[in-house]
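Colleague: Input work_6.pdb, format and content: PDB, C-alpha atoms.
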ATOM      1  CA  CYS P   1       0.000   0.000   0.000
ATOM      2  CA  PRO P   2       1.627   3.289  -1.045
ATOM      3  CA  PHE P   3      -0.065   5.187   1.784
ATOM      4  CA  LYS P   4       1.335   2.780   4.374
ATOM      5  CA  PHE P   5       4.851   3.025   2.895
ATOM      6  CA  TYR P   6       4.611   6.815   2.982
ATOM      7  CA  VAL P   7       3.510   6.903   6.613
ATOM      8  CA  GLU P   8       6.105   4.411   7.801
ATOM      9  CA  ASN P   9       9.072   5.672   5.799
ATOM     10  CA  LEU P  10       8.579   9.212   4.499
ATOM     11  CA  LEU P  11       6.313  11.075   6.891
ATOM     12  CA  GLN P  12       8.376  13.935   8.304
ATOM     13  CA  ILE P  13       7.050  14.599  11.790
ATOM     14  CA  GLU P  14       9.639  15.539  14.378
ATOM     15  CA  ASN P  15       9.804  13.664  17.661
ATOM     16  CA  GLU P  16       8.700  15.866  20.530
ATOM     17  CA  GLU P  17       8.617  15.714  24.276
ATOM     18  CA  GLU P  18       5.327  14.523  25.708
ATOM     19  CA  ASP P  19       2.581  17.055  25.048
ATOM     20  CA  ASP P  20      -0.862  17.689  26.511
ATOM     21  CA  LEU P  21      -3.456  16.290  24.138
ATOM     22  CA  PHE P  22      -6.203  18.119  26.009
ATOM     23  CA  SER P  23      -4.724  21.536  25.292
ATOM     24  CA  SER P  24      -6.572  23.491  22.593
ATOM     25  CA  ILE P  25      -3.195  24.581  21.192
ATOM     26  CA  SER P  26      -2.004  20.981  20.986
ATOM     27  CA  GLU P  27      -5.251  19.884  19.348
ATOM     28  CA  GLY P  28      -4.968  22.685  16.800
ATOM     29  CA  ASN P  29      -1.391  21.712  16.038
ATOM     30  CA  ILE P  30      -2.480  18.128  15.401
ATOM     31  CA  PHE P  31      -5.137  19.304  12.941
ATOM     32  CA  HIS P  32      -2.542  21.405  11.117
ATOM     33  CA  GLU P  33       0.021  18.625  10.901
ATOM     34  CA  VAL P  34      -2.428  15.956   9.758
ATOM     35  CA  LEU P  35      -3.878  18.182   7.040
ATOM     36  CA  LYS P  36      -0.405  19.142   5.863
ATOM     37  CA  GLU P  37       0.813  15.565   5.600
ATOM     38  CA  TYR P  38      -2.389  14.299   4.010
ATOM     39  CA  TYR P  39      -2.396  16.832   1.180
ATOM     40  CA  LYS P  40       1.384  16.777   0.802
ATOM     41  CA  TYR P  41       1.245  13.118  -0.211
ATOM     42  CA  PHE P  42      -0.973  13.890  -3.210
ATOM     43  CA  ILE P  43       0.756  17.145  -4.154
ATOM     44  CA  ASP P  44       4.264  15.666  -4.202
ATOM     45  CA  ARG P  45       3.112  12.853  -6.508
ATOM     46  CA  ASN P  46       0.769  14.974  -8.619
ATOM     47  CA  TYR P  47      -2.026  12.531  -7.787
ATOM     48  CA  GLU P  48      -5.706  13.380  -7.920
ATOM     49  CA  ILE P  49      -6.776  14.207  -4.376
ATOM     50  CA  GLU P  50      -9.100  11.608  -2.899
ATOM     51  CA  TYR P  51     -10.508  10.702   0.493
ATOM     52  CA  ASP P  52      -8.880   7.750   2.280
ATOM     53  CA  GLU P  53      -9.832   6.941   5.884
ATOM     54  CA  ASP P  54      -7.057   4.390   6.415
ATOM     55  CA  PHE P  55      -4.444   6.940   5.379
ATOM     56  CA  ILE P  56      -5.874   9.501   7.817
ATOM     57  CA  GLU P  57      -5.776   6.955  10.647
ATOM     58  CA  ASP P  58      -2.176   6.030   9.831
ATOM     59  CA  ILE P  59      -1.082   9.673   9.934
ATOM     60  CA  ILE P  60      -2.863  10.256  13.251
ATOM     61  CA  GLU P  61      -1.306   7.113  14.711
ATOM     62  CA  ILE P  62       2.296   7.999  13.913
ATOM     63  CA  LEU P  63       1.796  11.646  14.872
ATOM     64  CA  MET P  64       0.381  10.843  18.290
ATOM     65  CA  ASN P  65       3.005   8.215  18.994
ATOM     66  CA  LYS P  66       5.784  10.676  18.199
ATOM     67  CA  LYS P  67       4.161  13.247  20.460
ATOM     68  CA  GLY P  68       4.007  10.770  23.329
ATOM     69  CA  PHE P  69       0.253  10.237  23.365
ATOM     70  CA  PHE P  70       0.143   6.660  24.630
ATOM     71  CA  GLN P  71      -2.749   4.448  23.605
ATOM     72  CA  GLU P  72      -3.182   2.592  26.902
ATOM     73  CA  ASN P  73      -4.692   5.675  28.560
ATOM     74  CA  ILE P  74      -8.473   5.511  28.091
ATOM     75  CA  LEU P  75      -8.879   9.303  28.239
ATOM     76  CA  TYR P  76      -6.301   9.749  25.492
ATOM     77  CA  LYS P  77      -8.016   7.057  23.453
ATOM     78  CA  ARG P  78     -11.306   8.900  23.738
ATOM     79  CA  LYS P  79      -9.722  12.244  22.847
ATOM     80  CA  LYS P  80      -7.856  10.677  19.946
ATOM     81  CA  GLN P  81     -11.138   9.337  18.552
ATOM     82  CA  GLU P  82     -12.734  12.781  18.868
ATOM     83  CA  ILE P  83      -9.865  14.346  16.925
ATOM     84  CA  LEU P  84      -9.957  11.569  14.352
ATOM     85  CA  ASP P  85     -13.702  12.046  13.799
ATOM     86  CA  VAL P  86     -13.246  15.788  13.261
ATOM     87  CA  ILE P  87     -10.341  15.330  10.846
ATOM     88  CA  LYS P  88     -12.163  12.657   8.830
ATOM     89  CA  ASN P  89     -15.339  14.721   8.529
ATOM     90  CA  PHE P  90     -13.411  17.872   7.675
ATOM     91  CA  LEU P  91     -11.286  16.202   5.003
ATOM     92  CA  LYS P  92     -14.270  14.452   3.432
ATOM     93  CA  THR P  93     -16.076  17.789   3.118
ATOM     94  CA  ASP P  94     -13.002  19.774   2.087
ATOM     95  CA  ILE P  95     -11.962  17.335  -0.646
ATOM     96  CA  GLU P  96     -15.461  17.372  -2.117
ATOM     97  CA  PHE P  97     -15.374  21.167  -2.035
ATOM     98  CA  ILE P  98     -11.989  21.699  -3.702
ATOM     99  CA  ASN P  99     -12.635  19.054  -6.366
ATOM    100  CA  SER P 100     -15.995  20.608  -7.247
ATOM    101  CA  ALA P 101     -14.402  24.073  -7.396
ATOM    102  CA  ASN P 102     -11.397  22.928  -9.492
ATOM    103  CA  LEU P 103      -9.015  23.903  -6.692
ATOM    104  CA  ARG P 104      -5.812  22.157  -5.643
ATOM    105  CA  PRO P 105      -3.532  22.859  -2.680
ATOM    106  CA  ILE P 106      -0.123  24.091  -3.863
ATOM    107  CA  LEU P 107       1.510  25.342  -0.645
ATOM    108  CA  LEU P 108       1.046  23.980   2.879
ATOM    109  CA  GLU P 109       2.159  25.514   6.190
ATOM    110  CA  HIS P 110       4.363  27.958   4.278
ATOM    111  CA  SER P 111       6.612  30.084   6.506
ATOM    112  CA  PHE P 112       7.698  33.527   5.366
ATOM    113  CA  ILE P 113       9.707  36.564   6.432
ATOM    114  CA  SER P 114       8.901  39.907   4.798
ATOM    115  CA  ASN P 115      10.661  43.259   5.136
ATOM    116  CA  ASP P 116       8.674  45.200   2.548
ATOM    117  CA  ILE P 117       5.122  45.222   3.936
ATOM    118  CA  ILE P 118       5.820  47.885   6.566
ATOM    119  CA  ASN P 119       8.946  49.943   6.101
ATOM    120  CA  GLY P 120      11.599  48.984   8.627
ATOM    121  CA  VAL P 121       9.549  46.174  10.161
ATOM    122  CA  LYS P 122      10.335  42.471   9.735
ATOM    123  CA  ILE P 123       7.147  40.404   9.632
ATOM    124  CA  LYS P 124       7.234  36.651  10.155
ATOM    125  CA  GLY P 125       4.336  34.319   9.608
ATOM    126  CA  ARG P 126       3.080  30.980   8.399
ATOM    127  CA  ILE P 127       0.294  30.516   5.884
ATOM    128  CA  ASP P 128      -1.738  27.383   6.501
ATOM    129  CA  ARG P 129      -2.714  26.638   2.914
ATOM    130  CA  ILE P 130      -2.892  28.081  -0.573
ATOM    131  CA  ASP P 131      -5.079  26.538  -3.280
ATOM    132  CA  MET P 132      -4.911  27.355  -6.973
ATOM    133  CA  GLU P 133      -7.580  26.890  -9.588
ATOM    134  CA  ILE P 134      -6.713  24.150 -12.095
ATOM    135  CA  ILE P 135      -8.595  23.943 -15.391
ATOM    136  CA  ASN P 136      -7.879  21.072 -17.805
ATOM    137  CA  GLY P 137      -4.709  20.310 -15.887
ATOM    138  CA  GLU P 138      -3.367  23.867 -16.127
ATOM    139  CA  PRO P 139      -3.112  26.422 -13.285
ATOM    140  CA  THR P 140      -5.018  29.625 -13.992
ATOM    141  CA  GLY P 141      -3.295  31.822 -11.404
ATOM    142  CA  TYR P 142      -6.471  32.269  -9.360
ATOM    143  CA  PHE P 143      -5.763  31.380  -5.745
ATOM    144  CA  VAL P 144      -7.402  30.977  -2.351
ATOM    145  CA  ILE P 145      -5.686  31.532   1.001
ATOM    146  CA  TYR P 146      -6.908  29.619   4.053
ATOM    147  CA  ASP P 147      -6.171  30.256   7.700
ATOM    148  CA  TYR P 148      -7.404  27.234   9.662
ATOM    149  CA  LYS P 149      -9.272  27.857  12.897
ATOM    150  CA  THR P 150     -10.641  25.311  15.362
ATOM    151  CA  GLY P 151     -13.521  27.480  16.551
ATOM    152  CA  ASP P 152     -16.036  30.002  15.258
ATOM    153  CA  VAL P 153     -14.954  32.284  12.400
ATOM    154  CA  SER P 154     -18.121  34.338  11.979
ATOM    155  CA  LYS P 155     -16.538  37.496  13.447
ATOM    156  CA  LYS P 156     -13.463  37.282  11.222
ATOM    157  CA  ASN P 157     -14.669  39.090   8.150
ATOM    158  CA  LEU P 158     -14.386  42.074   5.825
ATOM    159  CA  PRO P 159     -15.561  44.686   8.384
ATOM    160  CA  GLY P 160     -12.731  43.599  10.652
ATOM    161  CA  LEU P 161     -10.228  44.065   7.854
ATOM    162  CA  LEU P 162     -11.601  47.486   6.949
ATOM    163  CA  LYS P 163     -11.494  48.629  10.578
ATOM    164  CA  GLY P 164      -7.892  47.478  10.839
ATOM    165  CA  THR P 165      -8.675  45.019  13.614
ATOM    166  CA  ASP P 166      -8.039  41.867  11.604
ATOM    167  CA  VAL P 167      -5.122  42.388   9.211
ATOM    168  CA  GLN P 168      -3.512  38.941   9.290
ATOM    169  CA  ILE P 169      -5.141  37.611   6.160
ATOM    170  CA  ALA P 170      -4.528  40.877   4.267
ATOM    171  CA  ILE P 171      -0.803  40.482   4.946
ATOM    172  CA  TYR P 172      -1.024  36.905   3.730
ATOM    173  CA  SER P 173      -2.574  38.094   0.466
ATOM    174  CA  TYR P 174       0.342  40.417  -0.230
ATOM    175  CA  VAL P 175       2.893  37.712   0.584
ATOM    176  CA  VAL P 176       1.176  35.038  -1.521
ATOM    177  CA  GLU P 177       0.897  37.257  -4.581
ATOM    178  CA  LYS P 178       4.633  37.924  -4.348
ATOM    179  CA  ILE P 179       5.427  34.197  -3.961
ATOM    180  CA  LEU P 180       3.278  33.215  -6.931
ATOM    181  CA  ARG P 181       4.754  35.926  -9.163
ATOM    182  CA  GLU P 182       8.216  34.575  -8.349
ATOM    183  CA  LYS P 183       6.979  31.149  -9.450
ATOM    184  CA  GLY P 184       5.923  32.556 -12.822
ATOM    185  CA  PHE P 185       2.175  32.922 -12.238
ATOM    186  CA  ASN P 186      -0.022  35.933 -12.826
ATOM    187  CA  PRO P 187      -1.752  35.711  -9.452
ATOM    188  CA  LYS P 188      -5.357  36.768  -8.915
ATOM    189  CA  PHE P 189      -7.065  35.951  -5.662
ATOM    190  CA  ILE P 190     -10.466  34.298  -5.403
ATOM    191  CA  ALA P 191     -10.784  34.416  -1.637
ATOM    192  CA  LEU P 192      -8.964  35.085   1.621
ATOM    193  CA  LEU P 193     -10.615  32.861   4.187
ATOM    194  CA  TYR P 194     -10.628  31.874   7.824
ATOM    195  CA  TYR P 195     -11.651  28.218   7.639
ATOM    196  CA  SER P 196     -13.308  26.556  10.641
ATOM    197  CA  ILE P 197     -12.232  22.930  10.962
ATOM    198  CA  SER P 198     -14.694  22.029  13.714
ATOM    199  CA  LYS P 199     -17.752  23.734  12.179
ATOM    200  CA  THR P 200     -17.026  22.291   8.741
ATOM    201  CA  ALA P 201     -16.678  18.817  10.242
ATOM    202  CA  LYS P 202     -19.896  19.188  12.229
ATOM    203  CA  ASP P 203     -22.065  20.704   9.487
ATOM    204  CA  GLY P 204     -20.766  18.670   6.550
ATOM    205  CA  LYS P 205     -20.247  21.785   4.426
ATOM    206  CA  PRO P 206     -17.398  24.323   4.252
ATOM    207  CA  ARG P 207     -17.663  26.942   6.981
ATOM    208  CA  PHE P 208     -15.447  29.965   6.427
ATOM    209  CA  SER P 209     -15.470  33.740   6.635
ATOM    210  CA  GLY P 210     -13.373  36.435   5.015
ATOM    211  CA  ILE P 211     -13.216  38.032   1.577
ATOM    212  CA  ILE P 212     -14.663  36.266  -1.458
ATOM    213  CA  ILE P 213     -14.375  37.821  -4.890
ATOM    214  CA  GLU P 214     -17.364  37.240  -7.158
ATOM    215  CA  GLU P 215     -17.089  37.717 -10.915
TER     216      GLU P 215
END
Hey, can you dump this file as structure tokens for me?
Modeller:
Amino acid sequence: CPFKFYVENLLQIENEEEDDLFSSISEGNIFHEVLKEYYKYFIDRNYEIEYDEDFIEDIIEILMNKKGFFQENILYKRKKQEILDVIKNFLKTDIEFINSANLRPILLEHSFISNDIINGVKIKGRIDRIDMEIINGEPTGYFVIYDYKTGDVSKKNLPGLLKGTDVQIAIYSYVVEKILREKGFNPKFIALLYYSISKTAKDGKPRFSGIIIEE
């Protein structure tokens, strides 16, 4: 099984000291890492993205073992199953969404340092995911930026950006356009979105908020 070989031999998850699985930060980090590794497998091989429950379970298993989340603890087992259910439901919904919209992830957990957004200020960040529209196998340059969130995203929206209270995703837009130009694209954004993992998993449809350009 190619998925099993990938998980056992190629999955790049660093060993860490024992963590607290019940921390919201730790749970969020697990979501981020699983989503990164899941999509990375398909991107690196230029495969069509599909939903595979066994592959998700394998990624979760190796990730939790490396983080020191031991299976013999019944509370950890229960929490692990909760996380697994959320990830499975989110990925099932997300894959249906991106395939129907002709989108494909092209960058995952991309770290950046920028000195030219604000004069004299070095800005560091990490962009959770960038999708690009693909039509007949060719990228169009249209892109979507996602910032994953574990909770509600209804208050993260255009009014917040206009008031200057929520500028994170606007910075990401500037950075992504620069990255894509350097890669030879003529970038045009479709949306800049805060993407709720938990709400999407619960509702069975994408739940996000931000800026969406309609043509």
Colleague: Please, which residues in segment 58-161 of chain P fall within 10 Å of segment 174-189 of chain P when counting only C-alpha atoms, and what is the closest atom pair and distance in Å to one decimal for each, ordered by chain then residue number, as CSV?
Modeller:
residue,atom,partner,partner_atom,distance
P:Leu107,CA,P:Val176,CA,9.7
P:His110,CA,P:Val176,CA,9.7
P:Phe112,CA,P:Val175,CA,8.0
P:Ile113,CA,P:Val175,CA,9.1
P:Ser114,CA,P:Val175,CA,7.7
P:Asp116,CA,P:Val175,CA,9.7
P:Ile117,CA,P:Tyr174,CA,8.0
P:Gly125,CA,P:Val175,CA,9.7
P:Ile127,CA,P:Val176,CA,8.7
P:Ile130,CA,P:Val176,CA,8.1
P:Asp131,CA,P:Phe189,CA,9.9
P:Met132,CA,P:Phe189,CA,9.0
P:Glu133,CA,P:Phe189,CA,9.9
P:Pro139,CA,P:Phe185,CA,8.4
P:Thr140,CA,P:Phe185,CA,8.1
P:Gly141,CA,P:Pro187,CA,4.6
P:Tyr142,CA,P:Lys188,CA,4.7
P:Phe143,CA,P:Phe189,CA,4.8
P:Val144,CA,P:Phe189,CA,6.0
P:Ile145,CA,P:Val176,CA,8.1
Colleague: Where does the PyMOL selection byres ((chain P and resi 147) around 8) land in this file, that is, which residues does it pick, as an MDAnalysis selection string?
Modeller: chainID P and resid 127:129 145:146 148:149 169 193:195
Colleague: Produce a file of the selected residues containing C-alpha atoms, as a tab-separated table (two decimals), in the coordinates of the input.
Modeller:
chain	number	residue	atom	x	y	z
P	127	ILE	CA	0.29	30.52	5.88
P	128	ASP	CA	-1.74	27.38	6.50
P	129	ARG	CA	-2.71	26.64	2.91
P	145	ILE	CA	-5.69	31.53	1.00
P	146	TYR	CA	-6.91	29.62	4.05
P	148	TYR	CA	-7.40	27.23	9.66
P	149	LYS	CA	-9.27	27.86	12.90
P	169	ILE	CA	-5.14	37.61	6.16
P	193	LEU	CA	-10.62	32.86	4.19
P	194	TYR	CA	-10.63	31.87	7.82
P	195	TYR	CA	-11.65	28.22	7.64
Colleague: Tell me, in Å to one decimal, how far atom CA of Phe42 of chain P is from atom CA of Thr200 of chain P.
Modeller: 21.7 Å
Colleague: Could you work out how far atom CA of Thr93 of chain P lies from atom CA of Arg78 of chain P, giving the answer in Å with one decimal?
Modeller: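 Distance reported for this atom pair: 23.0 Å.
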Colleague: Of the candidates P:Lys202, P:Lys124, P:His32, P:Lys67, which shows the shortest atom-to-atom distance to Ser111 of chain P, using only C-alpha atoms?
Modeller: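 Checking each candidate against Ser111 of chain P, we get P:Lys124 as the closest.
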